[in-house]
file entry.pdb (PDB, C-alpha atoms and all ligand atoms)
ATOM      1  CA  MET C   1      86.789  48.225 -28.381  1.00  0.00           C
ATOM      2  CA  PHE C   2      83.097  48.878 -27.567  1.00  0.00           C
ATOM      3  CA  THR C   3      81.348  46.162 -29.622  1.00  0.00           C
ATOM      4  CA  LYS C   4      77.658  45.744 -30.226  1.00  0.00           C
ATOM      5  CA  ARG C   5      77.653  42.804 -27.822  1.00  0.00           C
ATOM      6  CA  MET C   6      79.235  44.925 -25.064  1.00  0.00           C
ATOM      7  CA  PHE C   7      76.593  47.547 -25.710  1.00  0.00           C
ATOM      8  CA  VAL C   8      73.790  44.978 -25.269  1.00  0.00           C
ATOM      9  CA  ILE C   9      75.379  43.721 -22.044  1.00  0.00           C
ATOM     10  CA  PHE C  10      75.665  47.312 -20.863  1.00  0.00           C
ATOM     11  CA  LEU C  11      71.966  47.867 -21.577  1.00  0.00           C
ATOM     12  CA  LEU C  12      71.014  44.694 -19.685  1.00  0.00           C
ATOM     13  CA  PHE C  13      73.053  45.788 -16.668  1.00  0.00           C
ATOM     14  CA  SER C  14      71.658  49.289 -16.593  1.00  0.00           C
ATOM     15  CA  GLY C  15      68.134  47.859 -16.804  1.00  0.00           C
ATOM     16  CA  PHE C  16      68.942  45.547 -13.900  1.00  0.00           C
ATOM     17  CA  ALA C  17      70.347  48.444 -11.907  1.00  0.00           C
ATOM     18  CA  ALA C  18      67.175  50.446 -12.509  1.00  0.00           C
ATOM     19  CA  ILE C  19      65.040  47.568 -11.193  1.00  0.00           C
ATOM     20  CA  VAL C  20      67.209  47.178  -8.073  1.00  0.00           C
ATOM     21  CA  ASN C  21      67.009  50.917  -7.546  1.00  0.00           C
ATOM     22  CA  SER C  22      63.224  50.986  -7.767  1.00  0.00           C
ATOM     23  CA  CYS C  23      63.025  48.161  -5.208  1.00  0.00           C
ATOM     24  CA  ASP C  24      65.160  50.249  -2.855  1.00  0.00           C
ATOM     25  CA  LYS C  25      62.738  53.123  -3.206  1.00  0.00           C
ATOM     26  CA  GLU C  26      59.812  50.924  -2.222  1.00  0.00           C
ATOM     27  CA  GLU C  27      61.641  49.831   0.912  1.00  0.00           C
ATOM     28  CA  ASP C  28      62.004  53.494   1.878  1.00  0.00           C
ATOM     29  CA  SER C  29      58.243  54.086   1.894  1.00  0.00           C
ATOM     30  CA  PRO C  30      56.661  54.253   5.402  1.00  0.00           C
ATOM     31  CA  ALA C  31      55.646  51.016   7.102  1.00  0.00           C
ATOM     32  CA  PRO C  32      51.894  50.346   7.005  1.00  0.00           C
ATOM     33  CA  ASP C  33      49.966  51.880   9.906  1.00  0.00           C
ATOM     34  CA  PRO C  34      49.274  49.145  12.515  1.00  0.00           C
ATOM     35  CA  ASN C  35      45.881  50.752  13.248  1.00  0.00           C
ATOM     36  CA  PRO C  36      44.683  52.059   9.877  1.00  0.00           C
ATOM     37  CA  MET C  37      41.758  54.467  10.068  1.00  0.00           C
ATOM     38  CA  PRO C  38      38.537  53.689   8.213  1.00  0.00           C
ATOM     39  CA  SER C  39      37.325  56.699   6.252  1.00  0.00           C
ATOM     40  CA  THR C  40      33.537  56.421   6.492  1.00  0.00           C
ATOM     41  CA  GLU C  41      32.044  54.712   9.547  1.00  0.00           C
ATOM     42  CA  PHE C  42      33.679  52.581  12.211  1.00  0.00           C
ATOM     43  CA  VAL C  43      31.512  50.189  14.211  1.00  0.00           C
ATOM     44  CA  ALA C  44      33.628  48.887  17.067  1.00  0.00           C
ATOM     45  CA  ALA C  45      33.571  45.222  18.119  1.00  0.00           C
ATOM     46  CA  ASP C  46      34.906  43.564  21.292  1.00  0.00           C
ATOM     47  CA  SER C  47      38.169  42.777  19.524  1.00  0.00           C
ATOM     48  CA  ASP C  48      38.839  46.490  18.963  1.00  0.00           C
ATOM     49  CA  PHE C  49      39.285  46.960  22.720  1.00  0.00           C
ATOM     50  CA  ALA C  50      41.604  43.966  23.165  1.00  0.00           C
ATOM     51  CA  GLY C  51      44.678  44.777  25.255  1.00  0.00           C
ATOM     52  CA  PHE C  52      43.568  48.353  25.984  1.00  0.00           C
ATOM     53  CA  ARG C  53      45.678  48.447  29.161  1.00  0.00           C
ATOM     54  CA  THR C  54      48.775  48.229  26.957  1.00  0.00           C
ATOM     55  CA  TRP C  55      47.789  51.262  24.846  1.00  0.00           C
ATOM     56  CA  LYS C  56      49.313  54.694  25.275  1.00  0.00           C
ATOM     57  CA  VAL C  57      48.414  56.218  28.649  1.00  0.00           C
ATOM     58  CA  VAL C  58      46.873  59.670  28.212  1.00  0.00           C
ATOM     59  CA  VAL C  59      46.576  60.368  31.946  1.00  0.00           C
ATOM     60  CA  ASP C  60      47.049  58.348  35.079  1.00  0.00           C
ATOM     61  CA  LEU C  61      45.033  60.109  37.769  1.00  0.00           C
ATOM     62  CA  LYS C  62      46.010  58.456  41.020  1.00  0.00           C
ATOM     63  CA  ASN C  63      44.317  60.175  43.977  1.00  0.00           C
ATOM     64  CA  ALA C  64      43.531  63.132  41.718  1.00  0.00           C
ATOM     65  CA  LEU C  65      40.420  65.078  42.527  1.00  0.00           C
ATOM     66  CA  SER C  66      38.129  65.676  39.620  1.00  0.00           C
ATOM     67  CA  ASP C  67      38.506  69.087  38.081  1.00  0.00           C
ATOM     68  CA  ASP C  68      35.587  71.276  39.294  1.00  0.00           C
ATOM     69  CA  GLY C  69      33.498  68.182  39.879  1.00  0.00           C
ATOM     70  CA  ARG C  70      33.212  67.299  36.211  1.00  0.00           C
ATOM     71  CA  ALA C  71      34.682  63.836  36.360  1.00  0.00           C
ATOM     72  CA  HIS C  72      32.838  60.586  36.872  1.00  0.00           C
ATOM     73  CA  THR C  73      34.518  60.150  40.243  1.00  0.00           C
ATOM     74  CA  ASP C  74      37.532  61.098  42.306  1.00  0.00           C
ATOM     75  CA  ALA C  75      38.741  57.477  42.460  1.00  0.00           C
ATOM     76  CA  ALA C  76      42.045  56.563  40.832  1.00  0.00           C
ATOM     77  CA  ARG C  77      41.564  56.354  37.096  1.00  0.00           C
ATOM     78  CA  THR C  78      43.511  55.885  33.901  1.00  0.00           C
ATOM     79  CA  VAL C  79      42.782  56.966  30.332  1.00  0.00           C
ATOM     80  CA  TRP C  80      44.328  55.195  27.329  1.00  0.00           C
ATOM     81  CA  ILE C  81      44.202  55.962  23.604  1.00  0.00           C
ATOM     82  CA  LYS C  82      44.573  53.272  20.964  1.00  0.00           C
ATOM     83  CA  GLN C  83      46.015  55.506  18.238  1.00  0.00           C
ATOM     84  CA  ALA C  84      48.985  56.995  20.079  1.00  0.00           C
ATOM     85  CA  ASN C  85      49.618  59.637  17.408  1.00  0.00           C
ATOM     86  CA  ALA C  86      46.025  60.684  16.709  1.00  0.00           C
ATOM     87  CA  VAL C  87      45.598  64.445  16.338  1.00  0.00           C
ATOM     88  CA  LEU C  88      42.652  66.702  15.641  1.00  0.00           C
ATOM     89  CA  GLY C  89      42.149  67.006  11.894  1.00  0.00           C
ATOM     90  CA  GLN C  90      41.308  70.116   9.898  1.00  0.00           C
ATOM     91  CA  ASN C  91      37.653  69.525  10.789  1.00  0.00           C
ATOM     92  CA  GLY C  92      38.573  69.857  14.480  1.00  0.00           C
ATOM     93  CA  GLN C  93      37.863  66.182  15.077  1.00  0.00           C
ATOM     94  CA  TYR C  94      39.844  63.046  15.785  1.00  0.00           C
ATOM     95  CA  PRO C  95      39.902  60.585  12.866  1.00  0.00           C
ATOM     96  CA  ILE C  96      37.123  58.028  12.485  1.00  0.00           C
ATOM     97  CA  GLY C  97      38.177  54.908  14.397  1.00  0.00           C
ATOM     98  CA  THR C  98      39.849  56.749  17.302  1.00  0.00           C
ATOM     99  CA  ILE C  99      39.289  54.896  20.598  1.00  0.00           C
ATOM    100  CA  LEU C 100      39.728  56.185  24.169  1.00  0.00           C
ATOM    101  CA  VAL C 101      39.159  54.026  27.249  1.00  0.00           C
ATOM    102  CA  LYS C 102      38.928  55.156  30.878  1.00  0.00           C
ATOM    103  CA  GLU C 103      39.143  52.694  33.754  1.00  0.00           C
ATOM    104  CA  VAL C 104      38.104  53.834  37.200  1.00  0.00           C
ATOM    105  CA  GLN C 105      39.104  51.901  40.308  1.00  0.00           C
ATOM    106  CA  GLY C 106      36.699  51.146  43.139  1.00  0.00           C
ATOM    107  CA  GLY C 107      33.903  49.477  41.233  1.00  0.00           C
ATOM    108  CA  TYR C 108      32.869  52.321  38.933  1.00  0.00           C
ATOM    109  CA  GLY C 109      34.002  50.358  35.911  1.00  0.00           C
ATOM    110  CA  ILE C 110      35.292  51.057  32.449  1.00  0.00           C
ATOM    111  CA  VAL C 111      33.935  53.533  29.910  1.00  0.00           C
ATOM    112  CA  ALA C 112      35.031  54.154  26.346  1.00  0.00           C
ATOM    113  CA  MET C 113      34.387  56.553  23.494  1.00  0.00           C
ATOM    114  CA  VAL C 114      34.829  55.590  19.873  1.00  0.00           C
ATOM    115  CA  LYS C 115      34.765  57.953  16.893  1.00  0.00           C
ATOM    116  CA  ARG C 116      32.153  56.083  14.889  1.00  0.00           C
ATOM    117  CA  GLY C 117      31.399  58.762  12.313  1.00  0.00           C
ATOM    118  CA  GLY C 118      29.004  58.356   9.411  1.00  0.00           C
ATOM    119  CA  THR C 119      25.608  59.693  10.470  1.00  0.00           C
ATOM    120  CA  TYR C 120      25.932  58.305  14.007  1.00  0.00           C
ATOM    121  CA  ASN C 121      25.408  60.854  16.844  1.00  0.00           C
ATOM    122  CA  SER C 122      26.305  63.512  14.306  1.00  0.00           C
ATOM    123  CA  SER C 123      25.140  66.341  16.581  1.00  0.00           C
ATOM    124  CA  HIS C 124      27.997  65.294  18.916  1.00  0.00           C
ATOM    125  CA  ASN C 125      30.763  64.712  16.377  1.00  0.00           C
ATOM    126  CA  GLY C 126      29.937  61.060  15.787  1.00  0.00           C
ATOM    127  CA  TRP C 127      31.118  59.674  19.143  1.00  0.00           C
ATOM    128  CA  GLU C 128      29.695  56.365  20.359  1.00  0.00           C
ATOM    129  CA  TRP C 129      29.777  55.825  24.138  1.00  0.00           C
ATOM    130  CA  PHE C 130      30.499  52.455  25.760  1.00  0.00           C
ATOM    131  CA  HIS C 131      30.659  50.568  29.021  1.00  0.00           C
ATOM    132  CA  LEU C 132      33.090  47.639  29.063  1.00  0.00           C
ATOM    133  CA  ASP C 133      33.523  44.783  31.524  1.00  0.00           C
ATOM    134  CA  THR C 134      36.899  44.229  33.181  1.00  0.00           C
ATOM    135  CA  ALA C 135      37.960  41.947  30.319  1.00  0.00           C
ATOM    136  CA  GLY C 136      37.257  44.775  27.866  1.00  0.00           C
ATOM    137  CA  LYS C 137      34.076  43.272  26.411  1.00  0.00           C
ATOM    138  CA  ILE C 138      31.257  45.650  25.425  1.00  0.00           C
ATOM    139  CA  THR C 139      28.364  45.664  27.941  1.00  0.00           C
ATOM    140  CA  SER C 140      26.523  48.694  26.528  1.00  0.00           C
ATOM    141  CA  ARG C 141      26.835  51.157  23.648  1.00  0.00           C
ATOM    142  CA  ASN C 142      24.782  54.220  22.737  1.00  0.00           C
ATOM    143  CA  SER C 143      24.721  57.939  21.957  1.00  0.00           C
ATOM    144  CA  SER C 144      23.770  58.749  25.564  1.00  0.00           C
ATOM    145  CA  SER C 145      22.823  62.370  26.185  1.00  0.00           C
ATOM    146  CA  VAL C 146      24.374  62.068  29.667  1.00  0.00           C
ATOM    147  CA  CYS C 147      27.782  61.373  28.146  1.00  0.00           C
ATOM    148  CA  ASN C 148      27.206  63.842  25.289  1.00  0.00           C
ATOM    149  CA  ASN C 149      26.226  66.707  27.557  1.00  0.00           C
ATOM    150  CA  CYS C 150      29.045  66.559  30.083  1.00  0.00           C
ATOM    151  CA  HIS C 151      31.709  65.918  27.442  1.00  0.00           C
ATOM    152  CA  ALA C 152      30.296  68.893  25.488  1.00  0.00           C
ATOM    153  CA  LYS C 153      32.141  71.082  28.024  1.00  0.00           C
ATOM    154  CA  VAL C 154      35.203  70.251  25.955  1.00  0.00           C
ATOM    155  CA  LYS C 155      33.519  70.414  22.558  1.00  0.00           C
ATOM    156  CA  SER C 156      36.412  72.504  21.237  1.00  0.00           C
ATOM    157  CA  ALA C 157      38.708  69.534  21.933  1.00  0.00           C
ATOM    158  CA  ASP C 158      36.295  67.201  20.111  1.00  0.00           C
ATOM    159  CA  TYR C 159      34.626  66.127  23.412  1.00  0.00           C
ATOM    160  CA  VAL C 160      37.878  64.723  24.848  1.00  0.00           C
ATOM    161  CA  PHE C 161      38.870  66.064  28.284  1.00  0.00           C
ATOM    162  CA  THR C 162      42.301  64.654  28.827  1.00  0.00           C
ATOM    163  CA  ARG C 163      44.270  64.923  25.640  1.00  0.00           C
TER
HETATM  164  C1  LIG S 201      29.611  64.816  34.774  1.00  0.00           C
HETATM  165  C2  LIG S 201      30.513  64.832  33.644  1.00  0.00           C
HETATM  166  C3  LIG S 201      30.778  63.567  32.854  1.00  0.00           C
HETATM  167  C4  LIG S 201      29.864  62.632  32.403  1.00  0.00           C
HETATM  168  C5  LIG S 201      28.370  62.583  32.633  1.00  0.00           C
HETATM  169  C6  LIG S 201      30.620  61.664  31.652  1.00  0.00           C
HETATM  170  N1  LIG S 201      31.948  61.995  31.636  1.00  0.00           N
HETATM  171 FE1  LIG S 201      33.423  60.956  30.741  1.00  0.00          FE
HETATM  172  N2  LIG S 201      34.817  62.233  31.508  1.00  0.00           N
HETATM  173  C7  LIG S 201      34.558  63.330  32.289  1.00  0.00           C
HETATM  174  C8  LIG S 201      35.808  63.965  32.679  1.00  0.00           C
HETATM  175  C9  LIG S 201      35.975  65.221  33.515  1.00  0.00           C
HETATM  176  C10 LIG S 201      36.834  63.198  32.104  1.00  0.00           C
HETATM  177  C11 LIG S 201      38.354  63.445  32.233  1.00  0.00           C
HETATM  178  C12 LIG S 201      39.050  62.390  33.054  1.00  0.00           C
HETATM  179  C13 LIG S 201      38.792  62.482  34.528  1.00  0.00           C
HETATM  180  O1  LIG S 201      38.960  63.560  35.146  1.00  0.00           O
HETATM  181  O2  LIG S 201      38.409  61.462  35.097  1.00  0.00           O
HETATM  182  C14 LIG S 201      36.177  62.137  31.368  1.00  0.00           C
HETATM  183  C15 LIG S 201      36.848  61.197  30.611  1.00  0.00           C
HETATM  184  C16 LIG S 201      36.247  60.231  29.841  1.00  0.00           C
HETATM  185  C17 LIG S 201      36.934  59.368  28.941  1.00  0.00           C
HETATM  186  C18 LIG S 201      38.424  59.464  28.575  1.00  0.00           C
HETATM  187  C19 LIG S 201      38.598  60.463  27.412  1.00  0.00           C
HETATM  188  C20 LIG S 201      38.478  61.904  27.847  1.00  0.00           C
HETATM  189  O3  LIG S 201      37.473  62.568  27.497  1.00  0.00           O
HETATM  190  O4  LIG S 201      39.381  62.393  28.527  1.00  0.00           O
HETATM  191  C21 LIG S 201      36.026  58.495  28.427  1.00  0.00           C
HETATM  192  C22 LIG S 201      36.285  57.405  27.434  1.00  0.00           C
HETATM  193  C23 LIG S 201      34.741  58.849  29.003  1.00  0.00           C
HETATM  194  N3  LIG S 201      34.908  59.911  29.864  1.00  0.00           N
HETATM  195  C24 LIG S 201      33.566  58.176  28.714  1.00  0.00           C
HETATM  196  C25 LIG S 201      32.319  58.562  29.207  1.00  0.00           C
HETATM  197  C26 LIG S 201      31.079  57.849  28.952  1.00  0.00           C
HETATM  198  C27 LIG S 201      30.959  56.580  28.128  1.00  0.00           C
HETATM  199  C28 LIG S 201      30.093  58.527  29.593  1.00  0.00           C
HETATM  200  C29 LIG S 201      28.620  58.195  29.666  1.00  0.00           C
HETATM  201  C30 LIG S 201      28.287  56.879  30.129  1.00  0.00           C
HETATM  202  C31 LIG S 201      30.712  59.661  30.261  1.00  0.00           C
HETATM  203  N4  LIG S 201      32.058  59.660  30.000  1.00  0.00           N
HETATM  204  C32 LIG S 201      30.038  60.577  31.017  1.00  0.00           C
HETATM  205  C33 LIG S 201      33.312  63.787  32.637  1.00  0.00           C
HETATM  206  C34 LIG S 201      32.104  63.139  32.378  1.00  0.00           C
END

call {"tool": "encode", "arguments": {"input": "entry.pdb", "output": "structure tokens", "more": "lines below"}}
Ligand code: HEC
result
Amino acid sequence: MFTKRMFVIFLLFSGFAAIVNSCDKEEDSPAPDPNPMPSTEFVAADSDFAGFRTWKVVVDLKNALSDDGRAHTDAARTVWIKQANAVLGQNGQYPIGTILVKEVQGGYGIVAMVKRGGTYNSSHNGWEWFHLDTAGKITSRNSSSVCNNCHAKVKSADYVFTR
């Protein structure tokens, strides 16, 4: 016979089941992004370049000649991106916080571009240009017109040549 007490126990169990179920659903939600994107302005620090040689390689140009003389040099060079899955957004730009690093062999050094956003270098899509030392520490940063102007050849790809 289905007594009142059984009914209460039944209610308790179904409530318990609902809680367990809702916990399951939370576990199904995507894992937090390891490199979450800031939404307004991103001011890079040394630590943001840490381990850049372990990032996703965009191109590895060993003995490759620069395409119609545009590149910094013909020396062997590698480009990495920190956010492996970054894509151009609806505004035609990479998300704020996107970081690309290019290392050139033969003493030329390491350059980087960071999507800083906000009002920074807004006439060139908010990119900040960097030189890094071999340990990945920032040695200079600016909105250099030299960098702006040559990278503007690929304005339609948000100033990024290789991706
Ligand atoms: C004369 C043209 C030219 C100038 C000036 C120039 N770049 Fe580049 N840059 C290139 C080309 C071409 C590539 C594509 C990779 C390659 O062929 O080496 C590139 C690649 C890069 C990349 C990798 C991301 C990408 O666009 O593919 C970074 C980062 C970068 N340059 C930073 C800089 C910085 C910082 C400056 C200014 C100090 C600068 N560049 C000035 C032509 C230029």

call {"tool": "residues_around", "arguments": {"input": "entry.pdb", "residues": "Ser39 of chain C", "least_positions_apart": "2", "cutoff": "12 Å", "atoms": "only C-alpha atoms", "output": "ChimeraX atom specification"}}
result
/C:36-37,41-43,94-98,115-118

call {"tool": "resolve_selection", "arguments": {"input": "entry.pdb", "expression": "the PyMOL selection byres (((not hetatm)) within 6 of (chain S and resi 201))", "output": "list in words"}}
result
Ser66, Arg70, Ala71, His72, Val79, Leu100, Val101, Lys102, Val111, Ala112, Met113, Trp129, Phe130, Val146, Cys147, Cys150, His151, Val160, Phe161 and Thr162 of chain C

call {"tool": "atom_distance", "arguments": {"input": "entry.pdb", "atom1": "atom CA of Asn91 of chain C", "atom2": "atom CA of Lys153 of chain C"}}
result
18.2 Å

call {"tool": "closest_residue", "arguments": {"input": "entry.pdb", "among": "C:Asn148, C:Thr54, C:Gln105, C:Thr119", "to": "Arg77 of chain C", "atoms": "only C-alpha atoms"}}
result
C:Gln105

call {"tool": "residues_around", "arguments": {"input": "entry.pdb", "residues": "Thr139 of chain C", "least_positions_apart": "6", "cutoff": "10 Å", "atoms": "only C-alpha atoms", "output": "list in words"}}
result
Asp46, Ile110, Val111, Phe130, His131, Leu132 and Asp133 of chain C

call {"tool": "closest_residue", "arguments": {"input": "entry.pdb", "among": "C:Ser144, C:Lys82, C:Ser122, C:Glu103", "to": "Ala50 of chain C", "atoms": "all atoms listed in the file"}}
result
C:Lys82

call {"tool": "atom_distance", "arguments": {"input": "entry.pdb", "atom1": "atom CA of Val104 of chain C", "atom2": "atom CA of Ser123 of chain C"}}
result
27.4 Å

call {"tool": "closest_residue", "arguments": {"input": "entry.pdb", "among": "C:Phe49, C:Val87, C:Thr78, C:Val114", "to": "Lys62 of chain C", "atoms": "all atoms listed in the file"}}
result
C:Thr78
